[in-house]
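Enquirer: TSV, C-alpha atoms, saved as structure.tsv, coming up:
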```
chain	number	residue	atom	x	y	z
A	1	MET	CA	0.00	0.00	0.00
A	2	ALA	CA	1.40	3.37	-0.97
A	3	GLU	CA	2.19	5.79	1.85
A	4	PRO	CA	-0.22	8.73	1.98
A	5	THR	CA	1.24	12.00	0.72
A	6	ILE	CA	0.30	15.63	0.97
A	7	THR	CA	1.22	18.29	-1.58
A	8	LEU	CA	3.09	21.41	-0.57
A	9	ASN	CA	3.13	24.30	-3.05
A	10	VAL	CA	6.20	26.29	-2.11
A	11	THR	CA	7.41	29.66	-3.34
A	12	ARG	CA	10.69	29.48	-5.23
A	13	TYR	CA	12.73	32.55	-6.08
A	14	ARG	CA	16.40	32.45	-7.00
A	15	PRO	CA	17.78	36.00	-7.33
A	16	GLY	CA	19.78	36.49	-10.49
A	17	GLN	CA	18.09	33.43	-11.98
A	18	ASP	CA	14.34	34.01	-11.67
A	19	GLN	CA	12.58	37.17	-12.76
A	20	VAL	CA	9.61	36.59	-10.44
A	21	PRO	CA	8.78	34.14	-7.66
A	22	THR	CA	7.06	30.93	-8.82
A	23	MET	CA	5.41	28.00	-7.06
A	24	GLN	CA	6.87	24.51	-6.99
A	25	ALA	CA	4.85	21.48	-5.90
A	26	TYR	CA	6.30	18.76	-3.69
A	27	ALA	CA	4.48	15.57	-2.64
A	28	VAL	CA	5.77	14.80	0.84
A	29	PRO	CA	4.84	11.82	3.05
A	30	TYR	CA	1.86	12.60	5.23
A	31	LYS	CA	2.51	11.85	8.89
A	32	GLU	CA	-0.05	12.66	11.56
A	33	ASP	CA	2.42	14.28	13.90
A	34	TRP	CA	4.32	16.28	11.30
A	35	VAL	CA	4.24	20.03	11.07
A	36	VAL	CA	4.88	22.08	7.93
A	37	LEU	CA	8.48	22.56	9.07
A	38	ASP	CA	8.95	18.77	9.13
A	39	ALA	CA	7.66	18.67	5.57
A	40	LEU	CA	10.06	21.44	4.50
A	41	ASN	CA	12.97	19.64	6.17
A	42	HIS	CA	11.98	16.46	4.36
A	43	ILE	CA	11.96	18.36	1.06
A	44	LYS	CA	15.38	19.82	1.76
A	45	ASP	CA	16.90	16.52	2.97
A	46	GLN	CA	15.37	14.07	0.51
A	47	MET	CA	13.94	15.87	-2.47
A	48	ASP	CA	15.38	19.29	-3.25
A	49	GLY	CA	18.38	20.61	-1.40
A	50	THR	CA	18.14	23.98	-3.14
A	51	LEU	CA	15.10	25.10	-1.11
A	52	SER	CA	16.02	27.85	1.38
A	53	TYR	CA	14.11	28.77	4.55
A	54	ARG	CA	14.78	29.80	8.13
A	55	TRP	CA	14.16	27.63	11.17
A	56	SER	CA	15.83	26.79	14.47
A	57	CYS	CA	14.19	25.59	17.65
A	58	ARG	CA	11.21	23.80	16.00
A	59	MET	CA	9.22	24.39	19.14
A	60	GLY	CA	7.75	27.88	18.86
A	61	VAL	CA	10.23	29.90	20.95
A	62	CYS	CA	12.82	31.22	18.52
A	63	GLY	CA	10.61	33.02	16.01
A	64	SER	CA	12.67	31.96	12.97
A	65	CYS	CA	10.23	29.86	10.96
A	66	GLY	CA	7.43	32.36	10.30
A	67	MET	CA	5.87	31.91	6.84
A	68	MET	CA	2.48	32.22	5.11
A	69	VAL	CA	0.64	28.88	5.30
A	70	ASN	CA	-2.46	28.95	3.08
A	71	GLY	CA	-2.41	32.73	3.28
A	72	THR	CA	-2.16	32.98	7.08
A	73	PRO	CA	1.07	34.00	8.83
A	74	LYS	CA	2.10	31.05	10.99
A	75	LEU	CA	5.11	29.49	12.63
A	76	THR	CA	5.68	26.48	10.39
A	77	CYS	CA	6.76	24.50	13.46
A	78	ALA	CA	3.28	25.03	14.86
A	79	ALA	CA	1.23	24.32	11.71
A	80	PHE	CA	0.23	20.67	11.70
A	81	LEU	CA	-0.15	18.85	8.36
A	82	ARG	CA	-3.23	17.07	9.75
A	83	ASP	CA	-5.08	20.40	9.93
A	84	TYR	CA	-4.78	20.78	6.15
A	85	TYR	CA	-4.80	17.15	4.92
A	86	PRO	CA	-5.90	16.02	2.40
A	87	GLY	CA	-5.95	19.51	0.87
A	88	GLU	CA	-2.81	21.11	-0.54
A	89	ILE	CA	-0.70	23.46	1.53
A	90	ARG	CA	0.60	26.71	0.09
A	91	VAL	CA	3.83	27.82	1.78
A	92	GLU	CA	4.94	31.36	0.94
A	93	PRO	CA	7.36	33.84	2.49
A	94	LEU	CA	5.96	36.32	5.05
A	95	VAL	CA	4.13	39.08	3.20
A	96	ASN	CA	5.07	42.75	3.57
A	97	PHE	CA	8.78	41.90	3.53
A	98	PRO	CA	11.15	41.80	0.53
A	99	ILE	CA	12.13	38.28	-0.51
A	100	ILE	CA	15.82	37.42	-0.41
A	101	ARG	CA	15.40	33.88	-1.71
A	102	ASP	CA	12.62	31.26	-1.70
A	103	LEU	CA	11.04	31.52	1.77
A	104	VAL	CA	13.72	33.79	3.27
A	105	ILE	CA	12.71	37.42	3.76
A	106	ASP	CA	14.71	40.56	4.46
A	107	MET	CA	13.94	41.57	8.04
A	108	SER	CA	16.28	44.53	8.29
A	109	ASP	CA	13.36	47.00	8.37
A	110	PHE	CA	11.97	45.29	11.45
A	111	LEU	CA	15.40	45.16	13.12
A	112	ASP	CA	15.90	48.89	12.55
A	113	LYS	CA	12.49	49.65	14.00
A	114	LEU	CA	13.14	47.40	16.98
A	115	LYS	CA	16.39	49.21	17.70
A	116	SER	CA	14.63	52.57	17.43
A	117	VAL	CA	12.41	51.84	20.45
A	118	LYS	CA	15.49	51.08	22.59
A	119	PRO	CA	14.30	47.74	23.92
A	120	TRP	CA	16.47	47.69	27.06
A	121	ILE	CA	16.29	49.07	30.60
A	122	ILE	CA	17.24	52.76	30.56
A	123	ARG	CA	18.11	54.33	33.90
A	124	LYS	CA	18.60	58.03	34.65
A	125	GLU	CA	21.01	56.80	37.26
A	126	GLU	CA	22.44	53.31	37.35
A	127	LYS	CA	22.31	51.60	40.73
A	128	PRO	CA	25.80	50.40	41.68
A	129	VAL	CA	26.05	46.61	41.89
A	130	ALA	CA	26.98	46.76	45.58
A	131	ARG	CA	23.57	48.28	46.35
A	132	GLY	CA	21.89	45.09	45.09
A	133	GLU	CA	19.20	44.17	42.58
A	134	TYR	CA	16.26	46.23	41.39
A	135	LEU	CA	13.28	44.82	43.28
A	136	GLN	CA	9.87	44.33	41.73
A	137	THR	CA	6.56	43.23	43.19
A	138	PRO	CA	4.44	40.59	41.41
A	139	ALA	CA	1.96	43.33	40.51
A	140	GLU	CA	4.71	45.42	38.91
A	141	LEU	CA	5.82	42.37	36.91
A	142	GLU	CA	2.28	41.64	35.81
A	143	ALA	CA	1.98	45.13	34.34
A	144	PHE	CA	4.35	44.25	31.49
A	145	HIS	CA	4.93	40.50	31.63
A	146	GLN	CA	2.77	39.42	28.67
A	147	PHE	CA	4.68	41.85	26.42
A	148	THR	CA	7.99	40.19	27.30
A	149	GLN	CA	6.84	37.05	25.51
A	150	CYS	CA	7.50	38.43	22.02
A	151	ILE	CA	9.82	36.16	20.02
A	152	ASN	CA	10.28	38.64	17.17
A	153	CYS	CA	8.73	36.25	14.67
A	154	MET	CA	7.19	39.13	12.65
A	155	LEU	CA	3.91	37.31	12.01
A	156	CYS	CA	2.20	40.48	13.27
A	157	TYR	CA	3.90	42.56	10.56
A	158	ALA	CA	2.69	40.12	7.92
A	159	ALA	CA	-0.84	40.32	9.33
A	160	CYS	CA	-0.95	44.11	9.69
A	161	PRO	CA	-2.75	45.75	6.74
A	162	VAL	CA	-1.41	49.16	7.79
A	163	TYR	CA	2.18	47.94	7.58
A	164	GLY	CA	1.34	46.53	4.18
A	165	LEU	CA	0.18	49.95	2.99
A	166	GLU	CA	2.61	52.15	4.92
A	167	PRO	CA	6.11	50.70	5.22
A	168	LYS	CA	7.15	53.51	7.59
A	169	PHE	CA	4.73	52.25	10.27
A	170	LEU	CA	6.70	51.23	13.36
A	171	GLY	CA	4.62	48.08	13.61
A	172	PRO	CA	3.06	45.91	16.33
A	173	ALA	CA	6.08	44.04	17.73
A	174	ALA	CA	8.36	47.07	17.99
A	175	ILE	CA	5.66	49.10	19.73
A	176	ALA	CA	4.75	46.21	22.04
A	177	LEU	CA	8.41	45.87	23.03
A	178	GLY	CA	8.77	49.62	23.56
A	179	TYR	CA	5.63	49.47	25.70
A	180	ARG	CA	7.11	46.53	27.63
A	181	TYR	CA	10.04	48.67	28.68
A	182	ASN	CA	7.94	51.75	29.36
A	183	MET	CA	5.79	49.69	31.72
A	184	ASP	CA	8.75	48.07	33.45
A	185	SER	CA	9.09	49.68	36.90
A	186	ARG	CA	12.87	49.44	36.63
A	187	ASP	CA	12.93	51.55	33.49
A	188	GLN	CA	13.27	55.35	33.44
A	189	GLY	CA	13.65	55.88	29.70
A	190	LYS	CA	10.14	56.71	28.48
A	191	GLU	CA	11.22	60.05	26.97
A	192	GLN	CA	13.86	58.27	24.90
A	193	ARG	CA	11.16	56.14	23.29
A	194	ALA	CA	9.34	59.13	21.81
A	195	VAL	CA	9.36	57.38	18.42
A	196	ILE	CA	6.44	55.31	19.72
A	197	GLY	CA	4.22	58.40	20.00
A	198	ASN	CA	5.07	59.71	16.52
A	199	HIS	CA	2.82	59.71	13.47
A	200	ASP	CA	4.45	56.56	12.16
A	201	GLY	CA	4.29	55.01	15.60
A	202	ILE	CA	1.05	54.21	17.41
A	203	TRP	CA	-1.00	56.79	15.48
A	204	ASP	CA	-0.75	54.88	12.19
A	205	CYS	CA	-2.54	51.98	13.86
A	206	THR	CA	-6.28	51.74	13.21
A	207	PHE	CA	-6.82	48.84	15.62
A	208	VAL	CA	-7.59	46.19	13.06
A	209	GLY	CA	-6.34	43.72	15.65
A	210	GLU	CA	-5.03	41.06	13.26
A	211	CYS	CA	-1.60	41.30	14.85
A	212	SER	CA	-2.96	39.93	18.12
A	213	VAL	CA	-4.95	37.25	16.29
A	214	VAL	CA	-1.83	35.77	14.63
A	215	CYS	CA	0.60	36.21	17.53
A	216	PRO	CA	1.77	32.73	18.54
A	217	LYS	CA	2.77	33.86	22.06
A	218	ASP	CA	-0.38	35.80	23.06
A	219	VAL	CA	1.58	39.02	23.39
A	220	ASP	CA	-1.47	41.03	22.23
A	221	PRO	CA	0.45	43.88	20.53
A	222	ALA	CA	-2.87	45.55	19.67
A	223	ALA	CA	-3.49	46.04	23.38
A	224	ALA	CA	0.00	47.51	23.84
A	225	ILE	CA	-0.59	49.97	21.02
A	226	GLN	CA	-4.02	51.12	22.19
A	227	ARG	CA	-2.83	51.44	25.79
A	228	SER	CA	0.10	53.50	24.52
A	229	LYS	CA	-2.42	55.74	22.74
A	230	VAL	CA	-4.27	56.26	26.02
A	231	ASP	CA	-1.03	56.89	27.93
A	232	THR	CA	0.49	59.34	25.47
A	233	THR	CA	-2.82	61.24	25.21
A	234	LYS	CA	-3.13	61.46	28.99
A	235	ASN	CA	0.47	62.69	29.23
A	236	TRP	CA	-0.10	65.25	26.51
A	237	PHE	CA	-3.14	66.66	28.34
A	238	LYS	CA	-1.22	66.67	31.61
A	239	SER	CA	1.66	68.56	30.03
A	240	MET	CA	-0.77	71.06	28.48
A	241	LEU	CA	-2.91	71.64	31.56
A	242	MET	CA	-0.14	71.38	34.12
A	243	PRO	CA	3.06	72.54	32.42
A	244	TRP	CA	4.70	73.07	35.77
A	245	GLY	CA	4.76	69.30	36.32
A	246	GLU	CA	8.10	67.53	36.43
A	247	ARG	CA	9.91	67.68	33.15
B	1	MET	CA	-11.41	42.20	9.32
B	2	LEU	CA	-15.18	42.05	9.68
B	3	ARG	CA	-15.07	44.96	12.07
B	4	GLU	CA	-13.35	47.07	9.41
B	5	LEU	CA	-16.07	46.11	6.92
B	6	SER	CA	-18.79	47.06	9.40
B	7	SER	CA	-17.50	50.65	9.38
B	8	VAL	CA	-18.17	50.82	5.64
B	9	PHE	CA	-21.84	49.93	6.12
B	10	ILE	CA	-22.20	52.36	9.00
B	11	ALA	CA	-20.70	55.11	6.83
B	12	LEU	CA	-23.16	54.26	4.01
B	13	PHE	CA	-26.03	54.46	6.49
B	14	LEU	CA	-24.77	57.83	7.64
B	15	VAL	CA	-24.89	59.16	4.08
B	16	VAL	CA	-28.50	57.96	3.69
B	17	TYR	CA	-29.35	59.47	7.08
B	18	LEU	CA	-27.81	62.81	6.14
B	19	VAL	CA	-29.82	62.85	2.91
B	20	GLN	CA	-32.94	62.08	4.97
B	21	ILE	CA	-32.24	65.00	7.30
B	22	TYR	CA	-31.59	67.24	4.30
B	23	GLN	CA	-35.04	66.33	2.95
B	24	LEU	CA	-36.49	67.88	6.13
B	25	THR	CA	-35.22	71.27	4.95
B	26	LYS	CA	-37.10	70.81	1.67
B	27	GLY	CA	-40.46	70.63	3.41
B	28	PRO	CA	-42.86	67.91	4.67
B	29	ASP	CA	-43.81	66.60	1.20
B	30	ALA	CA	-40.20	66.00	0.21
B	31	TYR	CA	-39.48	64.33	3.53
B	32	ILE	CA	-42.51	62.04	3.37
B	33	ALA	CA	-41.72	61.07	-0.22
B	34	PHE	CA	-38.17	60.19	0.80
B	35	THR	CA	-39.19	58.09	3.80
B	36	GLN	CA	-41.70	56.24	1.60
B	37	LYS	CA	-38.83	55.40	-0.77
B	38	LEU	CA	-36.93	54.05	2.25
B	39	SER	CA	-39.84	51.71	2.99
B	40	SER	CA	-39.17	49.66	-0.14
B	41	PRO	CA	-37.95	46.07	0.51
B	42	GLY	CA	-34.50	46.83	-0.87
B	43	TRP	CA	-33.93	49.71	1.51
B	44	ILE	CA	-35.37	47.77	4.44
B	45	LEU	CA	-32.90	44.98	3.70
B	46	PHE	CA	-30.09	47.53	3.56
B	47	HIS	CA	-31.06	48.89	6.97
B	48	VAL	CA	-31.31	45.40	8.48
B	49	VAL	CA	-27.81	44.63	7.22
B	50	VAL	CA	-26.55	47.95	8.62
B	51	LEU	CA	-28.22	47.20	11.99
B	52	LEU	CA	-26.54	43.79	12.18
B	53	PHE	CA	-23.17	45.32	11.37
B	54	ALA	CA	-23.77	48.11	13.91
B	55	LEU	CA	-24.59	45.56	16.60
B	56	TYR	CA	-21.48	43.56	15.69
B	57	HIS	CA	-19.39	46.72	15.72
B	58	SER	CA	-20.70	47.70	19.16
B	59	VAL	CA	-20.12	44.31	20.77
B	60	THR	CA	-16.60	44.04	19.34
B	61	TRP	CA	-15.95	47.62	20.48
B	62	PHE	CA	-16.87	46.67	24.05
B	63	GLN	CA	-14.58	43.64	23.79
B	64	SER	CA	-11.79	45.92	22.57
B	65	SER	CA	-12.42	48.35	25.44
B	66	ALA	CA	-11.77	45.52	27.88
B	67	VAL	CA	-8.39	44.94	26.24
B	68	VAL	CA	-7.40	48.60	25.95
B	69	LEU	CA	-8.34	49.71	29.47
B	70	PRO	CA	-7.38	47.05	32.01
B	71	VAL	CA	-9.49	47.61	35.13
B	72	ARG	CA	-7.84	47.02	38.47
B	73	LEU	CA	-9.85	46.30	41.61
B	74	GLY	CA	-7.21	46.60	44.31
B	75	ASP	CA	-4.65	43.93	43.54
B	76	ARG	CA	-6.59	41.92	40.96
B	77	LEU	CA	-7.43	42.55	37.38
B	78	VAL	CA	-11.13	42.50	36.47
B	79	SER	CA	-11.56	39.81	33.80
B	80	ARG	CA	-12.10	40.93	30.19
B	81	GLN	CA	-15.40	39.07	29.95
B	82	THR	CA	-16.67	40.95	33.02
B	83	VAL	CA	-15.69	44.31	31.57
B	84	THR	CA	-17.34	43.48	28.24
B	85	ALA	CA	-20.47	42.23	30.02
B	86	LEU	CA	-20.70	45.40	32.12
B	87	HIS	CA	-20.44	47.50	28.94
B	88	ILE	CA	-23.26	45.54	27.34
B	89	VAL	CA	-25.44	45.85	30.48
B	90	ALA	CA	-24.87	49.61	30.56
B	91	TRP	CA	-25.68	49.76	26.84
B	92	VAL	CA	-28.98	47.89	27.31
B	93	ILE	CA	-29.96	50.04	30.31
B	94	ILE	CA	-29.23	53.30	28.51
B	95	SER	CA	-31.03	52.09	25.36
B	96	LEU	CA	-34.10	51.15	27.43
B	97	ALA	CA	-34.01	54.55	29.16
B	98	VAL	CA	-33.91	56.32	25.80
B	99	LEU	CA	-36.73	54.15	24.47
B	100	ILE	CA	-38.91	54.83	27.52
B	101	LEU	CA	-38.18	58.54	27.26
B	102	PHE	CA	-39.05	58.51	23.57
B	103	LEU	CA	-42.35	56.70	24.16
B	104	ALA	CA	-43.23	58.97	27.08
B	105	LEU	CA	-42.56	62.16	25.10
B	106	LYS	CA	-44.47	60.82	22.09
B	107	GLY	CA	-47.51	60.84	24.40
```
What's the structure tokens form of this structure?
Expert:
Amino acid sequence: MAEPTITLNVTRYRPGQDQVPTMQAYAVPYKEDWVVLDALNHIKDQMDGTLSYRWSCRMGVCGSCGMMVNGTPKLTCAAFLRDYYPGEIRVEPLVNFPIIRDLVIDMSDFLDKLKSVKPWIIRKEEKPVARGEYLQTPAELEAFHQFTQCINCMLCYAACPVYGLEPKFLGPAAIALGYRYNMDSRDQGKEQRAVIGNHDGIWDCTFVGECSVVCPKDVDPAAAIQRSKVDTTKNWFKSMLMPWGER
Amino acid sequence: MLRELSSVFIALFLVVYLVQIYQLTKGPDAYIAFTQKLSSPGWILFHVVVLLFALYHSVTWFQSSAVVLPVRLGDRLVSRQTVTALHIVAWVIISLAVLILFLALKG
């Protein structure tokens, strides 16, 4: 009896060789416990070594294997073949990013935007090591904890229609990470993250909410963005009505 | 993306509504003629669709409010479902109050 197979239609694009991306079909063995990443690894190992794609941990913590699976941004290590079988699976590179080759996209725009929000603890005055650790209550941790879960997989950028239309938009993950540090009680660098409150920061967002729908780690970047809108607006009113406040 | 689409229908309704209000300025005959046009099955269907989208938009808005404004009661966070439910309860109460007021004033 022949082993069951499932067809993967995968984007191929070889720069310098291909004018435009094309689709190539591969019939891979269908195994109940396989994910799309397993299928891609099988293709690369046994069928076509020229296929290029990113992956690493294969368990949903590294954020490397984000791709479009049947039009939805997913981690391919978390997309089970059995959820698509016996239909065909279309595997394409993450949308809204330039393609380098096959399923590999250029993420430098995201990396620049991430750096621009200064995603690290900023202190006005560093506490000397001898004085001990920065202490934090459970409630203080809870205020920002969910936003620490971001694995920089960029599925939210692929899902965001605003980012698709306006490449200058700071984007969900970068804003969520900026918010994570702004809400961290140890951080004193809110003014240095002013890029979040700019026109191409939170104010480009129209709260479609798809970013939070596709996030594999339940970070809820949409919540971070809308809360940032509330915070920056409150601060603006405070600075207008009470300009003598601390500045 | 359905929520985005609902805004389109609400905007279309607003245009129709503005035209209806404009007809008021043209006198009672013009207004009555316009509202009779709106009683045709096609327009009724349009308004039913708009109502469904408006209801959907409102409920999803209340769900979004729960996400955007986390409510703290002392140490604990009020659950999102509770916040959404409270919004809907307030919405129903206010709607009933407006309806009662409208019926009372109509006489």
Enquirer: Do a neighbour search on segment 72-83 of chain B at 9 Å with all atoms listed in the file, toss out local chain neighbours closer than 6 positions, and write the hits as a tab-separated table (two decimals) with C-alpha atoms, in the coordinates of the input.
Expert:
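Produced file around13.tsv, reproduced below:
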```tsv
chain	number	residue	atom	x	y	z
A	139	ALA	CA	1.96	43.33	40.51
B	62	PHE	CA	-16.87	46.67	24.05
B	63	GLN	CA	-14.58	43.64	23.79
B	65	SER	CA	-12.42	48.35	25.44
B	66	ALA	CA	-11.77	45.52	27.88
```
Enquirer: Could you please determine the separation between atom CA of Tyr30 of chain A and atom CA of Arg58 of chain A in Å, to one decimal place?
Expert: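 Distance reported for this atom pair: 18.1 Å.
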Enquirer: Which residue out of B:His87, B:His47, B:Arg3, B:Lys106 has the minimum interatomic distance to chain A when all atoms listed in the file are used?
Expert: B:Arg3
Enquirer: Would you please work out which residue, of B:Thr60, B:Thr84, B:Gln23, B:Ser40, is nearest to Leu2 of chain B when using only C-alpha atoms?
Expert: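 For Leu2 of chain B, the nearest of the candidates is B:Thr60.
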Enquirer: For segment 142-151 of chain A, work out the shell of residues within 12 Å, counting all atoms listed in the file and skipping chain neighbours fewer than 5 positions away, then give it as an MDAnalysis selection string.
Expert: (chainID A and resid 57 59:66 75 114 119:120 136:137 156 172:187 211:212 215:225 227) or (chainID B and resid 70:72 75:77)
Enquirer: Just C-alpha atoms for this one: save the residues we selected as a PDB file, in the coordinates of the input.
Expert:
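again-v2.pdb, freshly written:
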```
ATOM      1  CA  CYS A  57      14.190  25.590  17.650  1.00  0.00           C
ATOM      2  CA  MET A  59       9.220  24.390  19.140  1.00  0.00           C
ATOM      3  CA  GLY A  60       7.750  27.880  18.860  1.00  0.00           C
ATOM      4  CA  VAL A  61      10.230  29.900  20.950  1.00  0.00           C
ATOM      5  CA  CYS A  62      12.820  31.220  18.520  1.00  0.00           C
ATOM      6  CA  GLY A  63      10.610  33.020  16.010  1.00  0.00           C
ATOM      7  CA  SER A  64      12.670  31.960  12.970  1.00  0.00           C
ATOM      8  CA  CYS A  65      10.230  29.860  10.960  1.00  0.00           C
ATOM      9  CA  GLY A  66       7.430  32.360  10.300  1.00  0.00           C
ATOM     10  CA  LEU A  75       5.110  29.490  12.630  1.00  0.00           C
ATOM     11  CA  LEU A 114      13.140  47.400  16.980  1.00  0.00           C
ATOM     12  CA  PRO A 119      14.300  47.740  23.920  1.00  0.00           C
ATOM     13  CA  TRP A 120      16.470  47.690  27.060  1.00  0.00           C
ATOM     14  CA  GLN A 136       9.870  44.330  41.730  1.00  0.00           C
ATOM     15  CA  THR A 137       6.560  43.230  43.190  1.00  0.00           C
ATOM     16  CA  CYS A 156       2.200  40.480  13.270  1.00  0.00           C
ATOM     17  CA  PRO A 172       3.060  45.910  16.330  1.00  0.00           C
ATOM     18  CA  ALA A 173       6.080  44.040  17.730  1.00  0.00           C
ATOM     19  CA  ALA A 174       8.360  47.070  17.990  1.00  0.00           C
ATOM     20  CA  ILE A 175       5.660  49.100  19.730  1.00  0.00           C
ATOM     21  CA  ALA A 176       4.750  46.210  22.040  1.00  0.00           C
ATOM     22  CA  LEU A 177       8.410  45.870  23.030  1.00  0.00           C
ATOM     23  CA  GLY A 178       8.770  49.620  23.560  1.00  0.00           C
ATOM     24  CA  TYR A 179       5.630  49.470  25.700  1.00  0.00           C
ATOM     25  CA  ARG A 180       7.110  46.530  27.630  1.00  0.00           C
ATOM     26  CA  TYR A 181      10.040  48.670  28.680  1.00  0.00           C
ATOM     27  CA  ASN A 182       7.940  51.750  29.360  1.00  0.00           C
ATOM     28  CA  MET A 183       5.790  49.690  31.720  1.00  0.00           C
ATOM     29  CA  ASP A 184       8.750  48.070  33.450  1.00  0.00           C
ATOM     30  CA  SER A 185       9.090  49.680  36.900  1.00  0.00           C
ATOM     31  CA  ARG A 186      12.870  49.440  36.630  1.00  0.00           C
ATOM     32  CA  ASP A 187      12.930  51.550  33.490  1.00  0.00           C
ATOM     33  CA  CYS A 211      -1.600  41.300  14.850  1.00  0.00           C
ATOM     34  CA  SER A 212      -2.960  39.930  18.120  1.00  0.00           C
ATOM     35  CA  CYS A 215       0.600  36.210  17.530  1.00  0.00           C
ATOM     36  CA  PRO A 216       1.770  32.730  18.540  1.00  0.00           C
ATOM     37  CA  LYS A 217       2.770  33.860  22.060  1.00  0.00           C
ATOM     38  CA  ASP A 218      -0.380  35.800  23.060  1.00  0.00           C
ATOM     39  CA  VAL A 219       1.580  39.020  23.390  1.00  0.00           C
ATOM     40  CA  ASP A 220      -1.470  41.030  22.230  1.00  0.00           C
ATOM     41  CA  PRO A 221       0.450  43.880  20.530  1.00  0.00           C
ATOM     42  CA  ALA A 222      -2.870  45.550  19.670  1.00  0.00           C
ATOM     43  CA  ALA A 223      -3.490  46.040  23.380  1.00  0.00           C
ATOM     44  CA  ALA A 224       0.000  47.510  23.840  1.00  0.00           C
ATOM     45  CA  ILE A 225      -0.590  49.970  21.020  1.00  0.00           C
ATOM     46  CA  ARG A 227      -2.830  51.440  25.790  1.00  0.00           C
TER      47      ARG A 227
ATOM     48  CA  PRO B  70      -7.380  47.050  32.010  1.00  0.00           C
ATOM     49  CA  VAL B  71      -9.490  47.610  35.130  1.00  0.00           C
ATOM     50  CA  ARG B  72      -7.840  47.020  38.470  1.00  0.00           C
ATOM     51  CA  ASP B  75      -4.650  43.930  43.540  1.00  0.00           C
ATOM     52  CA  ARG B  76      -6.590  41.920  40.960  1.00  0.00           C
ATOM     53  CA  LEU B  77      -7.430  42.550  37.380  1.00  0.00           C
TER      54      LEU B  77
END
```
Enquirer: Suppose you want the space between atom CA of Ile100 of chain B and atom CA of Leu24 of chain B; what is it in Å?
Expert: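 Taking atom CA of Ile100 of chain B as the start and atom CA of Leu24 of chain B as the end point, the length is 25.2 Å.
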Enquirer: Between atom CA of Leu52 of chain B and atom CA of Ala97 of chain B, measure the distance and give it in Å to one decimal.
Expert: 21.4 Å
Enquirer: Between B:Phe102, B:Glu4, B:Ile44, B:Val68, which is the closest to Lys229 of chain A once you count all atoms listed in the file?
Expert: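 Using all atoms listed in the file, Lys229 of chain A sits closest to B:Val68.
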Enquirer: Ranking A:Phe110, A:Trp236, A:Phe207, A:Phe169 by minimum distance to chain B and counting all atoms listed in the file, which one comes first?
Expert: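 Looking only at the distances to chain B, the closest residue turns out to be A:Phe207.
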Enquirer: Which residue, A:Val162, A:Ile6, A:Met47, A:Leu155, has the smallest gap to Ala27 of chain A when you use all atoms listed in the file?
Expert: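 Comparing A:Val162, A:Ile6, A:Met47, A:Leu155 against Ala27 of chain A, the winner is A:Ile6.
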Enquirer: List the spatial neighbours of Lys124 of chain A as a PyMOL selection string - criterion: any atom at most 12 Å away, only C-alpha atoms, same-chain residues fewer than 3 positions off excluded.
Expert: chain A and resi 121+127+186-192
Enquirer: Point out the residue among A:Leu141, A:Val129, A:Leu170, A:Ile99 with the least atom-to-atom distance to Asp112 of chain A, counting all atoms listed in the file.
Expert: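 The shortest atom-to-atom distance to Asp112 of chain A comes from A:Leu170.
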Enquirer: Which residues are close to Ile10 of chain B, i.e. within 10 Å by only C-alpha atoms, leaving aside same-chain residues fewer than 2 positions away? Reply as a VMD selection string.
Expert: chain B and resid 5 to 8 12 to 16 47 49 to 51 53 to 54 57
Enquirer: Quick one: residues within 12 Å of Asn41 of chain A, only C-alpha atoms, excluding same-chain residues fewer than 4 positions away - as number ranges by chain?
Expert: A: 26, 28-29, 34-37, 45-56, 58, 65, 76-77
Enquirer: Select all residues near (0.7, 58.2, 12.9) (cut-off 12 Å, inclusive, file coordinates), counting all atoms listed in the file, and output them as number ranges by chain.
Expert: A: 162-163, 166, 168-171, 195-206, 225, 229
Enquirer: Could you write out as AutoDock Vina command-line options the box around segment 18-26 of chain A (axis-aligned, all atoms listed in the file, 6 Å on each side), with centre and edge lengths in Å to one decimal?
Expert:
```
--center_x 9.6 --center_y 28.0 --center_z -8.2 --size_x 21.5 --size_y 30.4 --size_z 21.1
```
Enquirer: Supply segment 134-140 of chain A as a CSV table (one decimal), in the coordinates of the input, with N, CA and C atoms built in where the input has gaps.
Expert:
```csv
chain,number,residue,atom,x,y,z
A,134,TYR,N,17.5,45.5,41.4
A,134,TYR,CA,16.3,46.2,41.4
A,134,TYR,C,15.1,45.3,41.8
A,135,LEU,N,14.3,45.7,42.8
A,135,LEU,CA,13.3,44.8,43.3
A,135,LEU,C,12.0,45.2,42.6
A,136,GLN,N,11.1,44.1,42.5
A,136,GLN,CA,9.9,44.3,41.7
A,136,GLN,C,8.8,43.5,42.4
A,137,THR,N,7.6,44.0,42.6
A,137,THR,CA,6.6,43.2,43.2
A,137,THR,C,5.9,42.4,42.1
A,138,PRO,N,5.2,41.3,42.4
A,138,PRO,CA,4.4,40.6,41.4
A,138,PRO,C,3.5,41.5,40.6
A,139,ALA,N,2.9,42.5,41.2
A,139,ALA,CA,2.0,43.3,40.5
A,139,ALA,C,2.7,44.2,39.5
A,140,GLU,N,3.9,44.6,39.8
A,140,GLU,CA,4.7,45.4,38.9
A,140,GLU,C,5.1,44.6,37.7
```
